[in-house]
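Here is the structure we will look at, set down as structure tokens.
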Amino acid sequence: MSAALSSQPAIAETVDALRAIVRGYRAEGETVALVPTMGALHEGHLQLVREGRKSADRVIATIFVNPTQFGPNEDFARYPRDQEGDLAKLASAGANAVFLPTVAVMYPPGFATTVTVSGVSEGLCGAFRPGHFAGVATVVTKLLLQALPDAALFGEKDYQQLQVIKRFARDLDIPVSIRGVPTVREADGLALSSRNAYLTSAERAVAPRLHGLLVEIAEKLRAGEDAAPLLAAGMDRLREAGFGPVQYLAFVDAETLAPLDRAERPGRLLVAAYLGKTRLIDNIPVAPQGA
Ligand code: PAF
């Protein structure tokens, strides 16, 4: 076999095939990292694969556009799909295997179980996307139990999702280490997202303001200013820049996601806003004052 062919990831389309691949790795004493995705892959996803390779012998990526995490008026049908391009990118990033289940494999007839997480799921995106985090928690629980990896990697771009996954993995004693990987950004600060493909060129020019605003507010929080007036003024500035509706701009505890008045402990500044028809989210860490 040529070197190019031997670097193609193994493909599994069923849970049995996925488990056979994992059994093969385990028989060699190898550790496994899982990178769950919905495809339409960009550098952010590939960074997860590369980070996975640093900490495990084998990396398995999954591609599944999960219908249960989309609301009835959301973009499930038009969510970008590019299986061929995704497989080439995963091969170049060094993924060893790819799990490509269908909806029938993940949700066979009679499927009746949902994983819901209270607390961290409830505010922020949870308030605007009913059922979204239950869909995410259910599918990620399944993927973790199907592959039983040593570690699973998720982007910090979906920060609330990461906290939800950490919470249920701990609560359900799923023996997998959940790792967050910092957001990958364009040179102008825009967080990479599969949904950036929806932006018109005029919207794309405005989009980096989201990150710019977070950076400005984070500096002021670190300098000791109160969060409430900064957040109110920030929402106004986003609307003036052309965003709307602005769903939230919030400063919260980095782990519990409970609102914070000031940067007195590790915090996270998060935003969700529409730009035209595209919903964008972003977040950055805010270290405590003087840290
Ligand atoms: O972040 C995503 O792409 C998805 O929410 C995930 C974690 C793959 C679950 O479908």
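Naming works like this for the structure tokens: A, B, ... for the chains as they're shown, residue 1 at the start of each chain, ligands 1 onward in shown order.
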Could you give me, as a PDB file with all heavy atoms, in the first residue's frame, every polymer residue with an atom at most 10 Å away from an atom of ligand 1, counting only C-alpha atoms and all ligand atoms?
```pdb
ATOM      1  N   VAL A  35     -13.114  12.939  18.682  1.00  0.00           N
ATOM      2  CA  VAL A  35     -13.421  14.325  18.303  1.00  0.00           C
ATOM      3  C   VAL A  35     -14.789  14.347  17.619  1.00  0.00           C
ATOM      4  O   VAL A  35     -14.890  14.125  16.408  1.00  0.00           O
ATOM      5  CB  VAL A  35     -12.329  14.905  17.361  1.00  0.00           C
ATOM      6  CG1 VAL A  35     -12.712  16.305  16.878  1.00  0.00           C
ATOM      7  CG2 VAL A  35     -10.980  14.938  18.063  1.00  0.00           C
ATOM      8  N   PRO A  36     -15.865  14.584  18.397  1.00  0.00           N
ATOM      9  CA  PRO A  36     -17.197  14.629  17.795  1.00  0.00           C
ATOM     10  C   PRO A  36     -17.405  15.926  17.011  1.00  0.00           C
ATOM     11  O   PRO A  36     -17.058  17.018  17.492  1.00  0.00           O
ATOM     12  CB  PRO A  36     -18.148  14.591  19.000  1.00  0.00           C
ATOM     13  CG  PRO A  36     -17.311  14.069  20.132  1.00  0.00           C
ATOM     14  CD  PRO A  36     -15.937  14.606  19.862  1.00  0.00           C
ATOM     15  N   THR A  37     -17.959  15.830  15.799  1.00  0.00           N
ATOM     16  CA  THR A  37     -18.224  17.027  14.989  1.00  0.00           C
ATOM     17  C   THR A  37     -19.540  16.829  14.226  1.00  0.00           C
ATOM     18  O   THR A  37     -20.054  15.717  14.130  1.00  0.00           O
ATOM     19  CB  THR A  37     -17.129  17.294  13.922  1.00  0.00           C
ATOM     20  OG1 THR A  37     -17.367  16.443  12.783  1.00  0.00           O
ATOM     21  CG2 THR A  37     -15.733  17.064  14.454  1.00  0.00           C
ATOM     22  N   MET A  38     -19.991  17.927  13.638  1.00  0.00           N
ATOM     23  CA  MET A  38     -21.135  17.834  12.726  1.00  0.00           C
ATOM     24  C   MET A  38     -20.665  18.068  11.287  1.00  0.00           C
ATOM     25  O   MET A  38     -21.467  18.422  10.423  1.00  0.00           O
ATOM     26  CB  MET A  38     -22.217  18.845  13.109  1.00  0.00           C
ATOM     27  CG  MET A  38     -22.798  18.556  14.490  1.00  0.00           C
ATOM     28  SD  MET A  38     -24.469  19.185  14.715  1.00  0.00           S
ATOM     29  CE  MET A  38     -24.216  20.918  14.409  1.00  0.00           C
ATOM     30  N   GLY A  39     -19.371  17.902  11.054  1.00  0.00           N
ATOM     31  CA  GLY A  39     -18.851  18.078   9.699  1.00  0.00           C
ATOM     32  C   GLY A  39     -18.724  19.551   9.333  1.00  0.00           C
ATOM     33  O   GLY A  39     -18.683  20.410  10.204  1.00  0.00           O
ATOM     34  N   ALA A  40     -18.633  19.832   7.995  1.00  0.00           N
ATOM     35  CA  ALA A  40     -18.342  21.194   7.510  1.00  0.00           C
ATOM     36  C   ALA A  40     -17.098  21.699   8.240  1.00  0.00           C
ATOM     37  O   ALA A  40     -17.081  22.770   8.846  1.00  0.00           O
ATOM     38  CB  ALA A  40     -19.538  22.125   7.715  1.00  0.00           C
ATOM     39  N   LEU A  41     -16.069  20.893   8.185  1.00  0.00           N
ATOM     40  CA  LEU A  41     -14.913  21.087   9.063  1.00  0.00           C
ATOM     41  C   LEU A  41     -14.064  22.285   8.668  1.00  0.00           C
ATOM     42  O   LEU A  41     -13.881  22.584   7.493  1.00  0.00           O
ATOM     43  CB  LEU A  41     -14.052  19.815   9.049  1.00  0.00           C
ATOM     44  CG  LEU A  41     -14.792  18.544   9.477  1.00  0.00           C
ATOM     45  CD1 LEU A  41     -13.847  17.344   9.427  1.00  0.00           C
ATOM     46  CD2 LEU A  41     -15.402  18.687  10.863  1.00  0.00           C
ATOM     47  N   HIS A  45     -11.866  22.552  13.989  1.00  0.00           N
ATOM     48  CA  HIS A  45     -12.040  21.105  14.169  1.00  0.00           C
ATOM     49  C   HIS A  45     -10.695  20.387  14.017  1.00  0.00           C
ATOM     50  O   HIS A  45     -10.397  19.438  14.748  1.00  0.00           O
ATOM     51  CB  HIS A  45     -13.001  20.540  13.121  1.00  0.00           C
ATOM     52  CG  HIS A  45     -14.387  21.103  13.167  1.00  0.00           C
ATOM     53  ND1 HIS A  45     -14.876  21.957  12.198  1.00  0.00           N
ATOM     54  CD2 HIS A  45     -15.388  20.920  14.049  1.00  0.00           C
ATOM     55  CE1 HIS A  45     -16.128  22.268  12.494  1.00  0.00           C
ATOM     56  NE2 HIS A  45     -16.466  21.663  13.602  1.00  0.00           N
ATOM     57  N   ALA A  61     -12.508  10.704  14.697  1.00  0.00           N
ATOM     58  CA  ALA A  61     -13.439  11.829  14.533  1.00  0.00           C
ATOM     59  C   ALA A  61     -14.813  11.262  14.216  1.00  0.00           C
ATOM     60  O   ALA A  61     -14.933  10.176  13.627  1.00  0.00           O
ATOM     61  CB  ALA A  61     -12.968  12.727  13.396  1.00  0.00           C
ATOM     62  N   THR A  62     -15.858  11.974  14.620  1.00  0.00           N
ATOM     63  CA  THR A  62     -17.198  11.562  14.229  1.00  0.00           C
ATOM     64  C   THR A  62     -17.843  12.712  13.457  1.00  0.00           C
ATOM     65  O   THR A  62     -17.598  13.882  13.761  1.00  0.00           O
ATOM     66  CB  THR A  62     -18.080  11.178  15.443  1.00  0.00           C
ATOM     67  OG1 THR A  62     -18.528  12.364  16.106  1.00  0.00           O
ATOM     68  CG2 THR A  62     -17.331  10.313  16.431  1.00  0.00           C
ATOM     69  N   ILE A  63     -18.606  12.359  12.437  1.00  0.00           N
ATOM     70  CA  ILE A  63     -19.349  13.375  11.664  1.00  0.00           C
ATOM     71  C   ILE A  63     -20.810  12.951  11.679  1.00  0.00           C
ATOM     72  O   ILE A  63     -21.177  11.898  11.140  1.00  0.00           O
ATOM     73  CB  ILE A  63     -18.861  13.456  10.208  1.00  0.00           C
ATOM     74  CG1 ILE A  63     -17.374  13.841  10.153  1.00  0.00           C
ATOM     75  CG2 ILE A  63     -19.708  14.477   9.432  1.00  0.00           C
ATOM     76  CD1 ILE A  63     -16.806  13.899   8.723  1.00  0.00           C
ATOM     77  N   PHE A  64     -21.635  13.773  12.324  1.00  0.00           N
ATOM     78  CA  PHE A  64     -23.072  13.455  12.383  1.00  0.00           C
ATOM     79  C   PHE A  64     -23.822  14.769  12.618  1.00  0.00           C
ATOM     80  O   PHE A  64     -23.632  15.409  13.664  1.00  0.00           O
ATOM     81  CB  PHE A  64     -23.351  12.464  13.528  1.00  0.00           C
ATOM     82  CG  PHE A  64     -24.810  12.123  13.687  1.00  0.00           C
ATOM     83  CD1 PHE A  64     -25.519  11.517  12.644  1.00  0.00           C
ATOM     84  CD2 PHE A  64     -25.497  12.423  14.862  1.00  0.00           C
ATOM     85  CE1 PHE A  64     -26.873  11.218  12.780  1.00  0.00           C
ATOM     86  CE2 PHE A  64     -26.845  12.115  15.002  1.00  0.00           C
ATOM     87  CZ  PHE A  64     -27.526  11.519  13.959  1.00  0.00           C
ATOM     88  N   VAL A  65     -24.614  15.177  11.637  1.00  0.00           N
ATOM     89  CA  VAL A  65     -25.432  16.384  11.823  1.00  0.00           C
ATOM     90  C   VAL A  65     -26.658  15.928  12.618  1.00  0.00           C
ATOM     91  O   VAL A  65     -27.559  15.282  12.075  1.00  0.00           O
ATOM     92  CB  VAL A  65     -25.825  17.031  10.471  1.00  0.00           C
ATOM     93  CG1 VAL A  65     -26.561  18.343  10.711  1.00  0.00           C
ATOM     94  CG2 VAL A  65     -24.586  17.279   9.613  1.00  0.00           C
ATOM     95  N   ASN A  66     -26.623  16.239  13.902  1.00  0.00           N
ATOM     96  CA  ASN A  66     -27.558  15.654  14.861  1.00  0.00           C
ATOM     97  C   ASN A  66     -28.909  16.378  14.847  1.00  0.00           C
ATOM     98  O   ASN A  66     -29.005  17.496  15.360  1.00  0.00           O
ATOM     99  CB  ASN A  66     -26.915  15.745  16.252  1.00  0.00           C
ATOM    100  CG  ASN A  66     -27.860  15.313  17.348  1.00  0.00           C
ATOM    101  OD1 ASN A  66     -28.655  14.390  17.144  1.00  0.00           O
ATOM    102  ND2 ASN A  66     -27.784  15.969  18.490  1.00  0.00           N
ATOM    103  N   PRO A  67     -29.955  15.754  14.303  1.00  0.00           N
ATOM    104  CA  PRO A  67     -31.219  16.486  14.156  1.00  0.00           C
ATOM    105  C   PRO A  67     -31.825  16.924  15.476  1.00  0.00           C
ATOM    106  O   PRO A  67     -32.506  17.941  15.530  1.00  0.00           O
ATOM    107  CB  PRO A  67     -32.140  15.467  13.450  1.00  0.00           C
ATOM    108  CG  PRO A  67     -31.513  14.135  13.640  1.00  0.00           C
ATOM    109  CD  PRO A  67     -30.040  14.363  13.817  1.00  0.00           C
ATOM    110  N   THR A  68     -31.552  16.180  16.567  1.00  0.00           N
ATOM    111  CA  THR A  68     -32.256  16.497  17.825  1.00  0.00           C
ATOM    112  C   THR A  68     -31.732  17.761  18.508  1.00  0.00           C
ATOM    113  O   THR A  68     -32.333  18.220  19.476  1.00  0.00           O
ATOM    114  CB  THR A  68     -32.181  15.318  18.823  1.00  0.00           C
ATOM    115  OG1 THR A  68     -30.814  15.140  19.221  1.00  0.00           O
ATOM    116  CG2 THR A  68     -32.699  14.029  18.208  1.00  0.00           C
ATOM    117  N   GLN A  69     -30.628  18.325  18.033  1.00  0.00           N
ATOM    118  CA  GLN A  69     -30.153  19.552  18.670  1.00  0.00           C
ATOM    119  C   GLN A  69     -30.534  20.813  17.894  1.00  0.00           C
ATOM    120  O   GLN A  69     -30.123  21.910  18.253  1.00  0.00           O
ATOM    121  CB  GLN A  69     -28.637  19.491  18.920  1.00  0.00           C
ATOM    122  CG  GLN A  69     -27.771  19.529  17.677  1.00  0.00           C
ATOM    123  CD  GLN A  69     -26.304  19.289  18.024  1.00  0.00           C
ATOM    124  OE1 GLN A  69     -25.875  18.163  18.291  1.00  0.00           O
ATOM    125  NE2 GLN A  69     -25.512  20.355  18.060  1.00  0.00           N
ATOM    126  N   PHE A  70     -31.324  20.629  16.823  1.00  0.00           N
ATOM    127  CA  PHE A  70     -31.808  21.777  16.047  1.00  0.00           C
ATOM    128  C   PHE A  70     -33.276  22.006  16.393  1.00  0.00           C
ATOM    129  O   PHE A  70     -34.066  21.049  16.439  1.00  0.00           O
ATOM    130  CB  PHE A  70     -31.714  21.507  14.545  1.00  0.00           C
ATOM    131  CG  PHE A  70     -30.309  21.489  14.006  1.00  0.00           C
ATOM    132  CD1 PHE A  70     -29.509  20.362  14.164  1.00  0.00           C
ATOM    133  CD2 PHE A  70     -29.778  22.588  13.344  1.00  0.00           C
ATOM    134  CE1 PHE A  70     -28.214  20.327  13.667  1.00  0.00           C
ATOM    135  CE2 PHE A  70     -28.480  22.563  12.838  1.00  0.00           C
ATOM    136  CZ  PHE A  70     -27.699  21.430  12.997  1.00  0.00           C
ATOM    137  N   HIS A 132     -32.082  22.292  22.767  1.00  0.00           N
ATOM    138  CA  HIS A 132     -30.784  22.158  22.090  1.00  0.00           C
ATOM    139  C   HIS A 132     -29.784  21.343  22.915  1.00  0.00           C
ATOM    140  O   HIS A 132     -29.186  20.377  22.412  1.00  0.00           O
ATOM    141  CB  HIS A 132     -30.215  23.548  21.797  1.00  0.00           C
ATOM    142  CG  HIS A 132     -28.790  23.538  21.348  1.00  0.00           C
ATOM    143  ND1 HIS A 132     -28.402  23.017  20.132  1.00  0.00           N
ATOM    144  CD2 HIS A 132     -27.646  23.949  21.960  1.00  0.00           C
ATOM    145  CE1 HIS A 132     -27.088  23.122  20.005  1.00  0.00           C
ATOM    146  NE2 HIS A 132     -26.602  23.674  21.103  1.00  0.00           N
ATOM    147  N   PHE A 133     -29.628  21.715  24.193  1.00  0.00           N
ATOM    148  CA  PHE A 133     -28.597  21.023  24.978  1.00  0.00           C
ATOM    149  C   PHE A 133     -29.003  19.595  25.342  1.00  0.00           C
ATOM    150  O   PHE A 133     -28.140  18.748  25.558  1.00  0.00           O
ATOM    151  CB  PHE A 133     -28.197  21.840  26.213  1.00  0.00           C
ATOM    152  CG  PHE A 133     -27.371  23.042  25.842  1.00  0.00           C
ATOM    153  CD1 PHE A 133     -27.806  24.322  26.119  1.00  0.00           C
ATOM    154  CD2 PHE A 133     -26.166  22.883  25.166  1.00  0.00           C
ATOM    155  CE1 PHE A 133     -27.046  25.434  25.751  1.00  0.00           C
ATOM    156  CE2 PHE A 133     -25.400  23.981  24.791  1.00  0.00           C
ATOM    157  CZ  PHE A 133     -25.841  25.257  25.085  1.00  0.00           C
ATOM    158  N   GLY A 135     -30.487  17.695  23.188  1.00  0.00           N
ATOM    159  CA  GLY A 135     -30.070  17.014  21.954  1.00  0.00           C
ATOM    160  C   GLY A 135     -28.569  16.768  21.936  1.00  0.00           C
ATOM    161  O   GLY A 135     -28.102  15.670  21.591  1.00  0.00           O
ATOM    162  N   VAL A 136     -27.803  17.796  22.334  1.00  0.00           N
ATOM    163  CA  VAL A 136     -26.344  17.648  22.378  1.00  0.00           C
ATOM    164  C   VAL A 136     -25.954  16.601  23.422  1.00  0.00           C
ATOM    165  O   VAL A 136     -25.143  15.701  23.150  1.00  0.00           O
ATOM    166  CB  VAL A 136     -25.665  19.007  22.716  1.00  0.00           C
ATOM    167  CG1 VAL A 136     -24.182  18.808  23.017  1.00  0.00           C
ATOM    168  CG2 VAL A 136     -25.854  20.011  21.595  1.00  0.00           C
ATOM    169  N   ALA A 137     -26.541  16.708  24.635  1.00  0.00           N
ATOM    170  CA  ALA A 137     -26.150  15.795  25.722  1.00  0.00           C
ATOM    171  C   ALA A 137     -26.486  14.351  25.341  1.00  0.00           C
ATOM    172  O   ALA A 137     -25.712  13.428  25.619  1.00  0.00           O
ATOM    173  CB  ALA A 137     -26.854  16.196  27.019  1.00  0.00           C
ATOM    174  N   THR A 138     -27.620  14.159  24.690  1.00  0.00           N
ATOM    175  CA  THR A 138     -28.020  12.796  24.325  1.00  0.00           C
ATOM    176  C   THR A 138     -27.066  12.219  23.278  1.00  0.00           C
ATOM    177  O   THR A 138     -26.579  11.093  23.417  1.00  0.00           O
ATOM    178  CB  THR A 138     -29.477  12.805  23.797  1.00  0.00           C
ATOM    179  OG1 THR A 138     -30.309  13.370  24.812  1.00  0.00           O
ATOM    180  CG2 THR A 138     -29.957  11.397  23.459  1.00  0.00           C
ATOM    181  N   VAL A 139     -26.787  12.986  22.232  1.00  0.00           N
ATOM    182  CA  VAL A 139     -25.937  12.431  21.169  1.00  0.00           C
ATOM    183  C   VAL A 139     -24.499  12.246  21.657  1.00  0.00           C
ATOM    184  O   VAL A 139     -23.843  11.253  21.318  1.00  0.00           O
ATOM    185  CB  VAL A 139     -26.031  13.282  19.877  1.00  0.00           C
ATOM    186  CG1 VAL A 139     -25.115  14.502  19.926  1.00  0.00           C
ATOM    187  CG2 VAL A 139     -25.691  12.433  18.673  1.00  0.00           C
ATOM    188  N   VAL A 140     -24.005  13.179  22.477  1.00  0.00           N
ATOM    189  CA  VAL A 140     -22.614  13.036  22.940  1.00  0.00           C
ATOM    190  C   VAL A 140     -22.505  11.872  23.942  1.00  0.00           C
ATOM    191  O   VAL A 140     -21.532  11.128  23.920  1.00  0.00           O
ATOM    192  CB  VAL A 140     -22.062  14.365  23.512  1.00  0.00           C
ATOM    193  CG1 VAL A 140     -20.665  14.164  24.094  1.00  0.00           C
ATOM    194  CG2 VAL A 140     -22.024  15.443  22.425  1.00  0.00           C
ATOM    195  N   THR A 141     -23.535  11.690  24.769  1.00  0.00           N
ATOM    196  CA  THR A 141     -23.530  10.520  25.666  1.00  0.00           C
ATOM    197  C   THR A 141     -23.424   9.246  24.836  1.00  0.00           C
ATOM    198  O   THR A 141     -22.625   8.346  25.127  1.00  0.00           O
ATOM    199  CB  THR A 141     -24.819  10.491  26.526  1.00  0.00           C
ATOM    200  OG1 THR A 141     -24.864  11.669  27.314  1.00  0.00           O
ATOM    201  CG2 THR A 141     -24.851   9.267  27.432  1.00  0.00           C
ATOM    202  N   LEU A 143     -22.258   8.872  21.735  1.00  0.00           N
ATOM    203  CA  LEU A 143     -20.945   8.757  21.074  1.00  0.00           C
ATOM    204  C   LEU A 143     -19.869   8.308  22.070  1.00  0.00           C
ATOM    205  O   LEU A 143     -19.013   7.474  21.745  1.00  0.00           O
ATOM    206  CB  LEU A 143     -20.560  10.099  20.434  1.00  0.00           C
ATOM    207  CG  LEU A 143     -21.425  10.518  19.238  1.00  0.00           C
ATOM    208  CD1 LEU A 143     -21.165  11.982  18.871  1.00  0.00           C
ATOM    209  CD2 LEU A 143     -21.160   9.616  18.023  1.00  0.00           C
ATOM    210  N   ALA A 152     -12.190  12.978  25.167  1.00  0.00           N
ATOM    211  CA  ALA A 152     -12.956  13.549  24.063  1.00  0.00           C
ATOM    212  C   ALA A 152     -12.695  15.048  24.060  1.00  0.00           C
ATOM    213  O   ALA A 152     -12.624  15.678  25.127  1.00  0.00           O
ATOM    214  CB  ALA A 152     -14.445  13.256  24.224  1.00  0.00           C
ATOM    215  N   LEU A 153     -12.519  15.607  22.845  1.00  0.00           N
ATOM    216  CA  LEU A 153     -12.126  17.006  22.735  1.00  0.00           C
ATOM    217  C   LEU A 153     -13.231  17.826  22.078  1.00  0.00           C
ATOM    218  O   LEU A 153     -13.828  17.397  21.076  1.00  0.00           O
ATOM    219  CB  LEU A 153     -10.840  17.142  21.904  1.00  0.00           C
ATOM    220  CG  LEU A 153      -9.602  16.529  22.556  1.00  0.00           C
ATOM    221  CD1 LEU A 153      -9.433  15.076  22.144  1.00  0.00           C
ATOM    222  CD2 LEU A 153      -8.360  17.318  22.202  1.00  0.00           C
ATOM    223  N   PHE A 154     -13.461  19.024  22.655  1.00  0.00           N
ATOM    224  CA  PHE A 154     -14.497  19.924  22.155  1.00  0.00           C
ATOM    225  C   PHE A 154     -13.936  21.343  22.136  1.00  0.00           C
ATOM    226  O   PHE A 154     -13.136  21.714  23.000  1.00  0.00           O
ATOM    227  CB  PHE A 154     -15.726  19.884  23.077  1.00  0.00           C
ATOM    228  CG  PHE A 154     -16.340  18.514  23.184  1.00  0.00           C
ATOM    229  CD1 PHE A 154     -15.885  17.602  24.127  1.00  0.00           C
ATOM    230  CD2 PHE A 154     -17.357  18.125  22.324  1.00  0.00           C
ATOM    231  CE1 PHE A 154     -16.425  16.331  24.216  1.00  0.00           C
ATOM    232  CE2 PHE A 154     -17.909  16.850  22.403  1.00  0.00           C
ATOM    233  CZ  PHE A 154     -17.444  15.956  23.350  1.00  0.00           C
ATOM    234  N   GLY A 155     -14.392  22.151  21.182  1.00  0.00           N
ATOM    235  CA  GLY A 155     -13.908  23.529  21.078  1.00  0.00           C
ATOM    236  C   GLY A 155     -14.527  24.416  22.152  1.00  0.00           C
ATOM    237  O   GLY A 155     -15.703  24.275  22.491  1.00  0.00           O
ATOM    238  N   GLU A 156     -13.726  25.346  22.660  1.00  0.00           N
ATOM    239  CA  GLU A 156     -14.242  26.319  23.631  1.00  0.00           C
ATOM    240  C   GLU A 156     -15.173  27.328  22.973  1.00  0.00           C
ATOM    241  O   GLU A 156     -15.845  28.090  23.654  1.00  0.00           O
ATOM    242  CB  GLU A 156     -13.076  27.058  24.301  1.00  0.00           C
ATOM    243  CG  GLU A 156     -12.344  26.208  25.308  1.00  0.00           C
ATOM    244  CD  GLU A 156     -11.277  26.985  26.057  1.00  0.00           C
ATOM    245  OE1 GLU A 156     -10.959  28.134  25.643  1.00  0.00           O
ATOM    246  OE2 GLU A 156     -10.746  26.450  27.035  1.00  0.00           O
ATOM    247  N   LYS A 157     -15.178  27.361  21.646  1.00  0.00           N
ATOM    248  CA  LYS A 157     -16.108  28.248  20.927  1.00  0.00           C
ATOM    249  C   LYS A 157     -17.541  28.025  21.415  1.00  0.00           C
ATOM    250  O   LYS A 157     -18.299  28.954  21.619  1.00  0.00           O
ATOM    251  CB  LYS A 157     -15.959  27.962  19.438  1.00  0.00           C
ATOM    252  CG  LYS A 157     -17.112  28.322  18.564  1.00  0.00           C
ATOM    253  CD  LYS A 157     -17.020  29.745  18.139  1.00  0.00           C
ATOM    254  CE  LYS A 157     -18.211  30.229  17.351  1.00  0.00           C
ATOM    255  NZ  LYS A 157     -19.104  29.237  16.848  1.00  0.00           N
ATOM    256  N   ASP A 158     -17.919  26.749  21.604  1.00  0.00           N
ATOM    257  CA  ASP A 158     -19.232  26.406  22.174  1.00  0.00           C
ATOM    258  C   ASP A 158     -19.030  26.181  23.667  1.00  0.00           C
ATOM    259  O   ASP A 158     -19.045  25.050  24.153  1.00  0.00           O
ATOM    260  CB  ASP A 158     -19.788  25.144  21.496  1.00  0.00           C
ATOM    261  CG  ASP A 158     -20.104  25.395  20.031  1.00  0.00           C
ATOM    262  OD1 ASP A 158     -21.056  26.132  19.768  1.00  0.00           O
ATOM    263  OD2 ASP A 158     -19.381  24.872  19.161  1.00  0.00           O
ATOM    264  N   TYR A 159     -18.825  27.294  24.375  1.00  0.00           N
ATOM    265  CA  TYR A 159     -18.364  27.184  25.765  1.00  0.00           C
ATOM    266  C   TYR A 159     -19.426  26.573  26.675  1.00  0.00           C
ATOM    267  O   TYR A 159     -19.123  25.755  27.532  1.00  0.00           O
ATOM    268  CB  TYR A 159     -17.952  28.573  26.284  1.00  0.00           C
ATOM    269  CG  TYR A 159     -17.243  28.484  27.597  1.00  0.00           C
ATOM    270  CD1 TYR A 159     -15.902  28.108  27.644  1.00  0.00           C
ATOM    271  CD2 TYR A 159     -17.904  28.726  28.795  1.00  0.00           C
ATOM    272  CE1 TYR A 159     -15.240  27.983  28.847  1.00  0.00           C
ATOM    273  CE2 TYR A 159     -17.250  28.607  30.005  1.00  0.00           C
ATOM    274  CZ  TYR A 159     -15.916  28.236  30.019  1.00  0.00           C
ATOM    275  OH  TYR A 159     -15.257  28.104  31.218  1.00  0.00           O
ATOM    276  N   GLN A 161     -21.813  24.552  25.770  1.00  0.00           N
ATOM    277  CA  GLN A 161     -21.868  23.123  25.410  1.00  0.00           C
ATOM    278  C   GLN A 161     -20.774  22.344  26.151  1.00  0.00           C
ATOM    279  O   GLN A 161     -21.008  21.248  26.674  1.00  0.00           O
ATOM    280  CB  GLN A 161     -21.696  22.983  23.898  1.00  0.00           C
ATOM    281  CG  GLN A 161     -21.385  21.575  23.438  1.00  0.00           C
ATOM    282  CD  GLN A 161     -21.342  21.450  21.933  1.00  0.00           C
ATOM    283  OE1 GLN A 161     -22.377  21.408  21.292  1.00  0.00           O
ATOM    284  NE2 GLN A 161     -20.149  21.380  21.353  1.00  0.00           N
ATOM    285  N   LEU A 162     -19.563  22.911  26.178  1.00  0.00           N
ATOM    286  CA  LEU A 162     -18.443  22.238  26.851  1.00  0.00           C
ATOM    287  C   LEU A 162     -18.754  22.029  28.342  1.00  0.00           C
ATOM    288  O   LEU A 162     -18.501  20.945  28.889  1.00  0.00           O
ATOM    289  CB  LEU A 162     -17.174  23.084  26.660  1.00  0.00           C
ATOM    290  CG  LEU A 162     -15.915  22.611  27.361  1.00  0.00           C
ATOM    291  CD1 LEU A 162     -15.478  21.238  26.858  1.00  0.00           C
ATOM    292  CD2 LEU A 162     -14.790  23.640  27.157  1.00  0.00           C
ATOM    293  N   ILE A 165     -21.346  19.263  28.725  1.00  0.00           N
ATOM    294  CA  ILE A 165     -20.761  17.927  28.511  1.00  0.00           C
ATOM    295  C   ILE A 165     -19.923  17.513  29.727  1.00  0.00           C
ATOM    296  O   ILE A 165     -19.991  16.374  30.195  1.00  0.00           O
ATOM    297  CB  ILE A 165     -19.946  17.910  27.196  1.00  0.00           C
ATOM    298  CG1 ILE A 165     -20.892  18.081  26.000  1.00  0.00           C
ATOM    299  CG2 ILE A 165     -19.132  16.620  27.068  1.00  0.00           C
ATOM    300  CD1 ILE A 165     -20.206  18.350  24.666  1.00  0.00           C
ATOM    301  N   SER A 193     -16.232  29.155  12.490  1.00  0.00           N
ATOM    302  CA  SER A 193     -17.504  28.453  12.698  1.00  0.00           C
ATOM    303  C   SER A 193     -17.993  27.979  11.348  1.00  0.00           C
ATOM    304  O   SER A 193     -17.836  28.685  10.339  1.00  0.00           O
ATOM    305  CB  SER A 193     -18.530  29.425  13.296  1.00  0.00           C
ATOM    306  OG  SER A 193     -19.838  28.900  13.153  1.00  0.00           O
ATOM    307  N   SER A 194     -18.607  26.792  11.333  1.00  0.00           N
ATOM    308  CA  SER A 194     -19.167  26.307  10.068  1.00  0.00           C
ATOM    309  C   SER A 194     -20.236  27.274   9.559  1.00  0.00           C
ATOM    310  O   SER A 194     -20.461  27.396   8.363  1.00  0.00           O
ATOM    311  CB  SER A 194     -19.780  24.919  10.262  1.00  0.00           C
ATOM    312  OG  SER A 194     -18.828  24.079  10.857  1.00  0.00           O
TER     313      SER A 194
END
```
Non-local contacts of region 233-239 of chain A (9 Å; only C-alpha atoms; under 4 positions in same chain excluded) as a ChimeraX atom specification: /A:209-210,213-214,217,228-229,243-246,248-249,273
- request: Could you tell me which of A:Pro182, A:Glu74, A:Pro101, A:Gly224 comes closest to Thr278 (chain A) if we count only C-alpha atoms?
  value: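 Once distances to Thr278 (chain A) are computed over only C-alpha atoms, the minimum belongs to A:Glu74.
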- request: For region 262-272 of chain A, list every protein, DNA or RNA residue within 7 Å, evaluated using only C-alpha atoms, and leave out those in the same chain fewer than 4 positions away; present the list as JSON, numbers by chain.
  value: {"A": [214, 221, 222, 224, 225, 226, 227, 246, 247, 248, 249, 250, 251, 252, 253, 254, 279, 280, 281, 282, 283, 284, 285, 286, 287, 288, 289]}
message: With distances taken over only C-alpha atoms, which residue among A:Leu230, A:Pro259, A:Ser201, A:Ala151 lies nearest Leu275 (chain A)?
response: A:Ser201
task: Determine which residues of region 52-90 of chain A DSSP labels as alpha helix (DSSP H) from the backbone of this structure, then write them out as an MDAnalysis selection string.
output: chainID A and resid 52:55 83:90
message: When you count only C-alpha atoms, which of these residues is closest to Pro9 (chain A): A:Ser92, A:Asn73, A:Ser118, A:Thr113?
response: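 When distances to Pro9 (chain A) are compared using only C-alpha atoms, the smallest one comes from A:Ser92.
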- request: From the DSSP assignment of the backbone, select every residue of region 92-273 of chain A that is strand (DSSP E or B), and format the answer as a ChimeraX atom specification.
  value: /A:97-99,151-155,177-181,185,191,246-253,259,267-273
Residue neighbourhood region 52-56 of chain A, 9 Å, only C-alpha atoms, exclusion window fewer than 4 positions, as a list in words: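 Once the nearby chain positions are removed, what remains is Glu30, Thr31, Val32, Ala33, Leu34, Val35, Gln47, Leu48, Ile60, Gly94, Ala95, Asp150, Ala151, Ala152 and Leu153 of chain A.
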